[in-house]
file upload.pdb (PDB, C-alpha atoms)
ATOM      1  CA  MET A   3       8.830  13.892   3.227  1.00  0.00           C
ATOM      2  CA  ARG A   4       6.739  13.677   6.404  1.00  0.00           C
ATOM      3  CA  ILE A   5       2.971  13.140   6.314  1.00  0.00           C
ATOM      4  CA  LEU A   6       0.357  13.169   9.076  1.00  0.00           C
ATOM      5  CA  VAL A   7      -2.649  10.869   8.560  1.00  0.00           C
ATOM      6  CA  VAL A   8      -5.734  11.859  10.561  1.00  0.00           C
ATOM      7  CA  GLU A   9      -8.473   9.270  10.110  1.00  0.00           C
ATOM      8  CA  ASP A  10     -10.745   7.832  12.825  1.00  0.00           C
ATOM      9  CA  GLU A  11     -11.467   4.576  10.966  1.00  0.00           C
ATOM     10  CA  LYS A  12      -8.550   2.613  12.406  1.00  0.00           C
ATOM     11  CA  ASP A  13      -8.382   0.004   9.655  1.00  0.00           C
ATOM     12  CA  LEU A  14      -8.336   2.664   6.937  1.00  0.00           C
ATOM     13  CA  ASN A  15      -5.819   4.722   8.911  1.00  0.00           C
ATOM     14  CA  GLU A  16      -3.509   1.720   9.145  1.00  0.00           C
ATOM     15  CA  ILE A  17      -3.880   0.873   5.448  1.00  0.00           C
ATOM     16  CA  ILE A  18      -3.083   4.436   4.336  1.00  0.00           C
ATOM     17  CA  THR A  19      -0.150   4.681   6.737  1.00  0.00           C
ATOM     18  CA  LYS A  20       1.419   1.403   5.615  1.00  0.00           C
ATOM     19  CA  ARG A  21       0.940   2.177   1.924  1.00  0.00           C
ATOM     20  CA  LEU A  22       2.564   5.593   2.328  1.00  0.00           C
ATOM     21  CA  GLN A  23       5.470   4.081   4.243  1.00  0.00           C
ATOM     22  CA  LYS A  24       5.900   1.583   1.420  1.00  0.00           C
ATOM     23  CA  GLU A  25       6.193   4.573  -0.931  1.00  0.00           C
ATOM     24  CA  LYS A  26       9.071   5.825   1.267  1.00  0.00           C
ATOM     25  CA  TYR A  27       7.201   8.579   3.070  1.00  0.00           C
ATOM     26  CA  THR A  28       7.722   9.215   6.784  1.00  0.00           C
ATOM     27  CA  VAL A  29       4.298   8.905   8.415  1.00  0.00           C
ATOM     28  CA  ASP A  30       2.649   9.669  11.761  1.00  0.00           C
ATOM     29  CA  SER A  31      -1.028   8.987  12.383  1.00  0.00           C
ATOM     30  CA  CYS A  32      -3.790   9.839  14.843  1.00  0.00           C
ATOM     31  CA  TYR A  33      -7.548   9.407  15.113  1.00  0.00           C
ATOM     32  CA  ASN A  34      -9.148  12.708  16.154  1.00  0.00           C
ATOM     33  CA  GLY A  35      -8.932  16.416  15.485  1.00  0.00           C
ATOM     34  CA  ARG A  36      -7.528  17.520  18.840  1.00  0.00           C
ATOM     35  CA  ASP A  37      -4.652  15.059  18.632  1.00  0.00           C
ATOM     36  CA  ALA A  38      -3.987  16.281  15.087  1.00  0.00           C
ATOM     37  CA  LEU A  39      -3.398  19.822  16.358  1.00  0.00           C
ATOM     38  CA  ASP A  40      -1.005  18.479  19.007  1.00  0.00           C
ATOM     39  CA  TYR A  41       0.965  16.587  16.355  1.00  0.00           C
ATOM     40  CA  LEU A  42       1.146  19.707  14.189  1.00  0.00           C
ATOM     41  CA  VAL A  43       2.638  21.676  17.077  1.00  0.00           C
ATOM     42  CA  ALA A  44       5.195  18.960  17.851  1.00  0.00           C
ATOM     43  CA  ALA A  45       6.573  18.451  14.321  1.00  0.00           C
ATOM     44  CA  ASP A  46       6.807  19.966  10.857  1.00  0.00           C
ATOM     45  CA  TYR A  47       4.784  18.107   8.234  1.00  0.00           C
ATOM     46  CA  ASP A  48       4.765  18.524   4.480  1.00  0.00           C
ATOM     47  CA  VAL A  49       1.209  17.228   4.025  1.00  0.00           C
ATOM     48  CA  VAL A  50      -1.752  16.404   6.279  1.00  0.00           C
ATOM     49  CA  LEU A  51      -4.314  13.852   5.086  1.00  0.00           C
ATOM     50  CA  LEU A  52      -7.350  14.898   7.071  1.00  0.00           C
ATOM     51  CA  ASP A  53     -10.694  13.156   7.369  1.00  0.00           C
ATOM     52  CA  VAL A  54     -13.596  15.603   7.625  1.00  0.00           C
ATOM     53  CA  MET A  55     -15.810  13.610  10.002  1.00  0.00           C
ATOM     54  CA  LEU A  56     -13.587  13.255  13.068  1.00  0.00           C
ATOM     55  CA  PRO A  57     -14.400  12.862  16.781  1.00  0.00           C
ATOM     56  CA  GLU A  58     -13.709  15.686  19.260  1.00  0.00           C
ATOM     57  CA  MET A  59     -12.993  18.207  16.499  1.00  0.00           C
ATOM     58  CA  ASN A  60     -13.941  17.819  12.845  1.00  0.00           C
ATOM     59  CA  GLY A  61     -11.508  18.240   9.992  1.00  0.00           C
ATOM     60  CA  LEU A  62     -12.818  21.618   8.855  1.00  0.00           C
ATOM     61  CA  GLU A  63     -12.310  23.070  12.332  1.00  0.00           C
ATOM     62  CA  VAL A  64      -8.782  21.636  12.409  1.00  0.00           C
ATOM     63  CA  VAL A  65      -7.982  23.413   9.127  1.00  0.00           C
ATOM     64  CA  ARG A  66      -9.473  26.699  10.380  1.00  0.00           C
ATOM     65  CA  LYS A  67      -7.335  26.565  13.526  1.00  0.00           C
ATOM     66  CA  MET A  68      -4.240  25.721  11.468  1.00  0.00           C
ATOM     67  CA  ARG A  69      -4.761  28.721   9.215  1.00  0.00           C
ATOM     68  CA  GLU A  70      -5.536  31.003  12.177  1.00  0.00           C
ATOM     69  CA  LYS A  71      -2.081  30.083  13.507  1.00  0.00           C
ATOM     70  CA  GLN A  72      -0.554  30.800  10.078  1.00  0.00           C
ATOM     71  CA  ASP A  73       0.319  27.125   9.634  1.00  0.00           C
ATOM     72  CA  PRO A  74       0.984  26.730   5.870  1.00  0.00           C
ATOM     73  CA  THR A  75       1.087  22.897   5.862  1.00  0.00           C
ATOM     74  CA  LYS A  76      -0.647  21.451   2.811  1.00  0.00           C
ATOM     75  CA  VAL A  77      -3.989  19.810   3.681  1.00  0.00           C
ATOM     76  CA  LEU A  78      -5.759  17.142   1.656  1.00  0.00           C
ATOM     77  CA  LEU A  79      -9.279  16.521   2.958  1.00  0.00           C
ATOM     78  CA  LEU A  80     -10.671  12.983   2.860  1.00  0.00           C
ATOM     79  CA  THR A  81     -14.443  13.079   2.738  1.00  0.00           C
ATOM     80  CA  ALA A  82     -17.411  10.830   2.060  1.00  0.00           C
ATOM     81  CA  LYS A  83     -19.486  13.900   1.168  1.00  0.00           C
ATOM     82  CA  ASP A  84     -19.407  14.550  -2.552  1.00  0.00           C
ATOM     83  CA  SER A  85     -21.712  17.557  -2.953  1.00  0.00           C
ATOM     84  CA  ILE A  86     -20.272  20.707  -4.497  1.00  0.00           C
ATOM     85  CA  GLU A  87     -21.324  22.674  -1.402  1.00  0.00           C
ATOM     86  CA  ASP A  88     -19.305  20.390   0.896  1.00  0.00           C
ATOM     87  CA  ARG A  89     -16.243  20.557  -1.322  1.00  0.00           C
ATOM     88  CA  VAL A  90     -16.412  24.354  -1.590  1.00  0.00           C
ATOM     89  CA  LYS A  91     -16.784  24.618   2.189  1.00  0.00           C
ATOM     90  CA  GLY A  92     -13.631  22.554   2.682  1.00  0.00           C
ATOM     91  CA  LEU A  93     -11.569  24.605   0.246  1.00  0.00           C
ATOM     92  CA  ASP A  94     -12.874  27.894   1.614  1.00  0.00           C
ATOM     93  CA  CYS A  95     -11.811  27.008   5.161  1.00  0.00           C
ATOM     94  CA  GLY A  96      -8.202  26.643   3.990  1.00  0.00           C
ATOM     95  CA  ALA A  97      -7.728  23.114   2.628  1.00  0.00           C
ATOM     96  CA  ASP A  98      -5.579  22.725  -0.484  1.00  0.00           C
ATOM     97  CA  ASP A  99      -7.363  19.774  -2.062  1.00  0.00           C
ATOM     98  CA  TYR A 100      -9.958  17.095  -1.353  1.00  0.00           C
ATOM     99  CA  LEU A 101     -10.468  13.444  -2.198  1.00  0.00           C
ATOM    100  CA  ILE A 102     -13.812  11.650  -2.046  1.00  0.00           C
ATOM    101  CA  LYS A 103     -14.043   8.264  -0.330  1.00  0.00           C
ATOM    102  CA  PRO A 104     -13.680   5.576  -1.480  1.00  0.00           C
ATOM    103  CA  PHE A 105     -10.605   6.535  -3.486  1.00  0.00           C
ATOM    104  CA  ALA A 106      -7.872   4.766  -5.418  1.00  0.00           C
ATOM    105  CA  PHE A 107      -4.540   4.878  -3.642  1.00  0.00           C
ATOM    106  CA  GLU A 108      -2.819   5.822  -6.911  1.00  0.00           C
ATOM    107  CA  GLU A 109      -4.952   8.975  -7.043  1.00  0.00           C
ATOM    108  CA  LEU A 110      -4.042   9.798  -3.438  1.00  0.00           C
ATOM    109  CA  LEU A 111      -0.352   9.547  -4.327  1.00  0.00           C
ATOM    110  CA  ALA A 112      -0.884  11.741  -7.383  1.00  0.00           C
ATOM    111  CA  ARG A 113      -2.629  14.416  -5.286  1.00  0.00           C
ATOM    112  CA  ILE A 114       0.257  14.375  -2.793  1.00  0.00           C
ATOM    113  CA  ARG A 115       2.773  14.784  -5.614  1.00  0.00           C
ATOM    114  CA  VAL A 116       0.862  17.752  -7.011  1.00  0.00           C
ATOM    115  CA  MET A 117       0.788  19.485  -3.628  1.00  0.00           C
ATOM    116  CA  THR A 118       4.493  18.937  -3.022  1.00  0.00           C
ATOM    117  CA  ARG A 119       5.316  20.306  -6.477  1.00  0.00           C
ATOM    118  CA  ARG A 120       3.465  23.469  -5.504  1.00  0.00           C
ATOM    119  CA  MET A 121       5.578  23.712  -2.357  1.00  0.00           C
ATOM    120  CA  THR A 122       8.787  23.829  -4.397  1.00  0.00           C
ATOM    121  CA  ASN A 123       7.320  25.713  -7.378  1.00  0.00           C
ATOM    122  CA  SER A 124       8.280  22.769  -9.578  1.00  0.00           C
ATOM    123  CA  ALA A 125       6.190  21.803 -12.592  1.00  0.00           C
ATOM    124  CA  THR A 126       7.435  18.198 -12.651  1.00  0.00           C
ATOM    125  CA  ASN A 127       8.566  15.389 -10.367  1.00  0.00           C
ATOM    126  CA  LEU A 128      12.110  15.606 -11.770  1.00  0.00           C
ATOM    127  CA  TYR A 129      14.759  17.577  -9.865  1.00  0.00           C
ATOM    128  CA  GLN A 130      18.290  18.229 -11.060  1.00  0.00           C
ATOM    129  CA  VAL A 131      21.537  19.675  -9.695  1.00  0.00           C
ATOM    130  CA  ALA A 132      24.546  19.588 -12.021  1.00  0.00           C
ATOM    131  CA  ASN A 133      24.535  16.027 -13.458  1.00  0.00           C
ATOM    132  CA  LEU A 134      22.485  14.569 -10.589  1.00  0.00           C
ATOM    133  CA  SER A 135      18.825  13.905 -11.370  1.00  0.00           C
ATOM    134  CA  VAL A 136      16.121  12.619  -9.032  1.00  0.00           C
ATOM    135  CA  ASP A 137      12.717  11.467 -10.267  1.00  0.00           C
ATOM    136  CA  THR A 138      10.539  11.482  -7.144  1.00  0.00           C
ATOM    137  CA  GLU A 139       7.660   9.637  -8.835  1.00  0.00           C
ATOM    138  CA  LYS A 140       9.719   6.777 -10.272  1.00  0.00           C
ATOM    139  CA  HIS A 141      12.206   6.824  -7.354  1.00  0.00           C
ATOM    140  CA  LEU A 142      15.001   6.978  -9.922  1.00  0.00           C
ATOM    141  CA  VAL A 143      18.389   8.559  -9.158  1.00  0.00           C
ATOM    142  CA  LYS A 144      21.102   9.122 -11.787  1.00  0.00           C
ATOM    143  CA  ARG A 145      24.510  10.794 -12.033  1.00  0.00           C
ATOM    144  CA  GLY A 146      24.885  11.458 -15.707  1.00  0.00           C
ATOM    145  CA  GLU A 147      23.649   8.258 -17.345  1.00  0.00           C
ATOM    146  CA  GLU A 148      24.498   5.987 -14.409  1.00  0.00           C
ATOM    147  CA  VAL A 149      21.604   4.776 -12.264  1.00  0.00           C
ATOM    148  CA  ILE A 150      22.308   4.840  -8.512  1.00  0.00           C
ATOM    149  CA  SER A 151      20.584   2.437  -6.134  1.00  0.00           C
ATOM    150  CA  LEU A 152      19.551   3.910  -2.763  1.00  0.00           C
ATOM    151  CA  SER A 153      17.857   2.480   0.296  1.00  0.00           C
ATOM    152  CA  SER A 154      14.448   3.859   1.277  1.00  0.00           C
ATOM    153  CA  LYS A 155      15.864   6.236   3.881  1.00  0.00           C
ATOM    154  CA  GLU A 156      18.766   7.305   1.659  1.00  0.00           C
ATOM    155  CA  PHE A 157      16.298   8.193  -1.080  1.00  0.00           C
ATOM    156  CA  SER A 158      14.115  10.131   1.364  1.00  0.00           C
ATOM    157  CA  LEU A 159      17.128  12.105   2.546  1.00  0.00           C
ATOM    158  CA  LEU A 160      18.268  12.886  -0.999  1.00  0.00           C
ATOM    159  CA  GLU A 161      14.736  13.862  -2.026  1.00  0.00           C
ATOM    160  CA  TYR A 162      14.466  16.216   0.953  1.00  0.00           C
ATOM    161  CA  MET A 163      17.826  17.806   0.183  1.00  0.00           C
ATOM    162  CA  ILE A 164      17.223  18.245  -3.550  1.00  0.00           C
ATOM    163  CA  ARG A 165      13.774  19.718  -2.943  1.00  0.00           C
ATOM    164  CA  ASN A 166      15.594  22.229  -0.716  1.00  0.00           C
ATOM    165  CA  GLN A 167      18.693  22.567  -2.869  1.00  0.00           C
ATOM    166  CA  GLY A 168      20.847  25.518  -1.853  1.00  0.00           C
ATOM    167  CA  VAL A 169      19.273  25.636   1.622  1.00  0.00           C
ATOM    168  CA  VAL A 170      21.425  24.739   4.623  1.00  0.00           C
ATOM    169  CA  LEU A 171      19.528  22.071   6.589  1.00  0.00           C
ATOM    170  CA  SER A 172      20.302  21.502  10.257  1.00  0.00           C
ATOM    171  CA  ARG A 173      20.535  17.994  11.687  1.00  0.00           C
ATOM    172  CA  ALA A 174      17.429  18.689  13.774  1.00  0.00           C
ATOM    173  CA  LYS A 175      15.481  19.838  10.716  1.00  0.00           C
ATOM    174  CA  ILE A 176      16.463  16.753   8.721  1.00  0.00           C
ATOM    175  CA  GLU A 177      15.619  14.395  11.580  1.00  0.00           C
ATOM    176  CA  GLN A 178      12.238  16.022  12.134  1.00  0.00           C
ATOM    177  CA  SER A 179      11.396  15.759   8.442  1.00  0.00           C
ATOM    178  CA  LEU A 180      12.492  12.157   7.878  1.00  0.00           C
ATOM    179  CA  TRP A 181      11.887  10.249  11.110  1.00  0.00           C
ATOM    180  CA  ASN A 182       8.536   9.792  12.841  1.00  0.00           C
ATOM    181  CA  PHE A 183       7.804   9.743  16.577  1.00  0.00           C
ATOM    182  CA  ASP A 184       8.455   5.993  16.803  1.00  0.00           C
ATOM    183  CA  TYR A 185      12.107   6.461  15.920  1.00  0.00           C
ATOM    184  CA  GLU A 186      14.622   5.664  18.671  1.00  0.00           C
ATOM    185  CA  GLY A 187      17.970   6.019  16.953  1.00  0.00           C
ATOM    186  CA  GLY A 188      21.267   7.532  17.998  1.00  0.00           C
ATOM    187  CA  SER A 189      22.096  11.219  17.928  1.00  0.00           C
ATOM    188  CA  ASN A 190      24.532  10.764  15.013  1.00  0.00           C
ATOM    189  CA  VAL A 191      22.045   9.052  12.687  1.00  0.00           C
ATOM    190  CA  ILE A 192      21.951  12.047  10.316  1.00  0.00           C
ATOM    191  CA  ASP A 193      25.733  12.054   9.962  1.00  0.00           C
ATOM    192  CA  VAL A 194      25.671   8.316   9.233  1.00  0.00           C
ATOM    193  CA  TYR A 195      23.119   8.657   6.432  1.00  0.00           C
ATOM    194  CA  ILE A 196      24.885  11.682   4.982  1.00  0.00           C
ATOM    195  CA  ARG A 197      28.029   9.542   4.829  1.00  0.00           C
ATOM    196  CA  TYR A 198      26.109   6.730   3.086  1.00  0.00           C
ATOM    197  CA  LEU A 199      24.648   9.201   0.597  1.00  0.00           C
ATOM    198  CA  ARG A 200      27.968  10.875  -0.136  1.00  0.00           C
ATOM    199  CA  LYS A 201      29.543   7.507  -0.867  1.00  0.00           C
ATOM    200  CA  LYS A 202      26.845   6.709  -3.413  1.00  0.00           C
ATOM    201  CA  ILE A 203      26.229  10.005  -5.197  1.00  0.00           C
ATOM    202  CA  ASP A 204      29.503  11.941  -4.721  1.00  0.00           C
ATOM    203  CA  GLN A 205      32.316   9.401  -4.472  1.00  0.00           C
ATOM    204  CA  GLY A 206      33.849   9.006  -7.912  1.00  0.00           C
ATOM    205  CA  TYR A 207      31.768  11.819  -9.416  1.00  0.00           C
ATOM    206  CA  GLU A 208      32.316  15.492 -10.125  1.00  0.00           C
ATOM    207  CA  PRO A 209      31.250  18.009  -9.040  1.00  0.00           C
ATOM    208  CA  LYS A 210      30.772  17.189  -5.352  1.00  0.00           C
ATOM    209  CA  LEU A 211      27.246  18.143  -4.327  1.00  0.00           C
ATOM    210  CA  ILE A 212      26.770  17.399  -0.611  1.00  0.00           C
ATOM    211  CA  HIS A 213      28.556  19.967   1.544  1.00  0.00           C
ATOM    212  CA  THR A 214      28.984  20.386   5.286  1.00  0.00           C
ATOM    213  CA  VAL A 215      28.391  23.857   6.697  1.00  0.00           C
ATOM    214  CA  ARG A 216      30.280  23.863   9.978  1.00  0.00           C
ATOM    215  CA  GLY A 217      28.026  24.485  12.960  1.00  0.00           C
ATOM    216  CA  ALA A 218      24.902  24.677  10.772  1.00  0.00           C
ATOM    217  CA  GLY A 219      24.275  21.401   8.933  1.00  0.00           C
ATOM    218  CA  TYR A 220      24.351  20.164   5.363  1.00  0.00           C
ATOM    219  CA  VAL A 221      23.464  21.546   1.952  1.00  0.00           C
ATOM    220  CA  LEU A 222      23.044  20.073  -1.532  1.00  0.00           C
ATOM    221  CA  ARG A 223      24.348  22.448  -4.165  1.00  0.00           C
ATOM    222  CA  GLU A 224      26.847  22.874  -6.983  1.00  0.00           C
ATOM    223  CA  GLU A 225      29.663  25.002  -5.623  1.00  0.00           C
ATOM    224  CA  SER A 226      30.751  27.878  -7.851  1.00  0.00           C
ATOM    225  CA  ILE A 227      34.449  27.941  -8.632  1.00  0.00           C
TER     226      ILE A 227
END

call {"tool": "encode", "arguments": {"input": "upload.pdb", "output": "structure tokens"}}
result
Amino acid sequence: MRILVVEDEKDLNEIITKRLQKEKYTVDSCYNGRDALDYLVAADYDVVLLDVMLPEMNGLEVVRKMREKQDPTKVLLLTAKDSIEDRVKGLDCGADDYLIKPFAFEELLARIRVMTRRMTNSATNLYQVANLSVDTEKHLVKRGEEVISLSSKEFSLLEYMIRNQGVVLSRAKIEQSLWNFDYEGGSNVIDVYIRYLRKKIDQGYEPKLIHTVRGAGYVLREESI
């Protein structure tokens, strides 16, 4: 899952970014509203954490411009203003949720999880295909009763695929969703991680769940016989 952090307080921006990366999210960050719009054009994000009081263009104006362009990205406003009027104004301009500063990081993570559940129409943080289960809150992966250990990037890839189960995902789409702008890897990095993931969740198990769609990409699904 890819998140954009837009916060002009550089220390806070860095703290949020590092904590999210520790939770296995892919994160980009910037410090003003105009740069935020540029980032949103350049990449697809699942969630934007957006400070309201930003230089050059405030957070509410950023949300308005996003919605004018039919950008459906989930927006969580970060604001020091706690009046009902301010909160209503933020939601009315198109934000999905708000969080009042200072906030507990655990609550921020919970708000992100709620928004991503809405994206997939899931009522819980547990996803399942055949006998594969993925708990995105506990970062727990199991085939049947056997727990499978994954690296941070392997888990992110599996989470992305199971959230989009049945959808064929191109290499470009996967790379854009899981790697930030600082990434300088090789062109076959997606194939490498798919191979790692297959070895861990498919090798020795039935049914096989990760499938290659020639010329299109990869899909996670239980094939009908």

call {"tool": "closest_residue", "arguments": {"input": "upload.pdb", "among": "A:His141, A:Arg173, A:Lys71, A:Lys83", "to": "Gly217 (chain A)", "atoms": "only C-alpha atoms"}}
result
A:Arg173

call {"tool": "closest_atom_pairs", "arguments": {"input": "upload.pdb", "of": "region 111-178 of chain A", "to": "region 21-31 of chain A", "cutoff": "8 Å", "atoms": "only C-alpha atoms", "output": "CSV"}}
result
residue,atom,partner,partner_atom,distance
A:Ser154,CA,A:Lys26,CA,5.7
A:Lys155,CA,A:Lys26,CA,7.3
A:Phe157,CA,A:Lys26,CA,8.0
A:Ser158,CA,A:Lys26,CA,6.6

call {"tool": "atom_distance", "arguments": {"input": "upload.pdb", "atom1": "CA of Asp46 (chain A)", "atom2": "CA of Thr75 (chain A)"}}
result
8.1 Å

call {"tool": "resolve_selection", "arguments": {"input": "upload.pdb", "expression": "the PyMOL selection byres ((chain A and resi 137) around 12)", "output": "PyMOL selection string"}}
result
chain A and resi 115+126-130+134-136+138-145+149-150+157-158+160-161+164-165

call {"tool": "resolve_selection", "arguments": {"input": "upload.pdb", "expression": "the PyMOL selection byres ((chain A and resi 68) around 10)", "output": "PDB file with C-alpha atoms, keeping the file's coordinate frame"}}
result
ATOM      1  CA  LEU A  39      -3.398  19.822  16.358  1.00  0.00           C
ATOM      2  CA  LEU A  42       1.146  19.707  14.189  1.00  0.00           C
ATOM      3  CA  VAL A  43       2.638  21.676  17.077  1.00  0.00           C
ATOM      4  CA  LEU A  62     -12.818  21.618   8.855  1.00  0.00           C
ATOM      5  CA  GLU A  63     -12.310  23.070  12.332  1.00  0.00           C
ATOM      6  CA  VAL A  64      -8.782  21.636  12.409  1.00  0.00           C
ATOM      7  CA  VAL A  65      -7.982  23.413   9.127  1.00  0.00           C
ATOM      8  CA  ARG A  66      -9.473  26.699  10.380  1.00  0.00           C
ATOM      9  CA  LYS A  67      -7.335  26.565  13.526  1.00  0.00           C
ATOM     10  CA  ARG A  69      -4.761  28.721   9.215  1.00  0.00           C
ATOM     11  CA  GLU A  70      -5.536  31.003  12.177  1.00  0.00           C
ATOM     12  CA  LYS A  71      -2.081  30.083  13.507  1.00  0.00           C
ATOM     13  CA  GLN A  72      -0.554  30.800  10.078  1.00  0.00           C
ATOM     14  CA  ASP A  73       0.319  27.125   9.634  1.00  0.00           C
ATOM     15  CA  PRO A  74       0.984  26.730   5.870  1.00  0.00           C
ATOM     16  CA  THR A  75       1.087  22.897   5.862  1.00  0.00           C
ATOM     17  CA  VAL A  77      -3.989  19.810   3.681  1.00  0.00           C
ATOM     18  CA  CYS A  95     -11.811  27.008   5.161  1.00  0.00           C
ATOM     19  CA  GLY A  96      -8.202  26.643   3.990  1.00  0.00           C
ATOM     20  CA  ALA A  97      -7.728  23.114   2.628  1.00  0.00           C
TER      21      ALA A  97
END

call {"tool": "closest_residue", "arguments": {"input": "upload.pdb", "among": "A:Glu148, A:Glu156, A:Glu177, A:Glu11", "to": "Tyr207 (chain A)", "atoms": "all atoms listed in the file"}}
result
A:Glu148

call {"tool": "resolve_selection", "arguments": {"input": "upload.pdb", "expression": "the PyMOL selection byres ((chain A and resi 176) around 10)", "output": "PyMOL selection string"}}
result
chain A and resi 3+159+162-163+171-175+177-181+192+219-220

call {"tool": "atom_distance", "arguments": {"input": "upload.pdb", "atom1": "CA of Val7 (chain A)", "atom2": "CA of Gln167 (chain A)"}}
result
26.9 Å

call {"tool": "closest_residue", "arguments": {"input": "upload.pdb", "among": "A:Ser85, A:Glu9, A:Ile18, A:Leu52", "to": "Tyr33 (chain A)", "atoms": "all atoms listed in the file"}}
result
A:Glu9
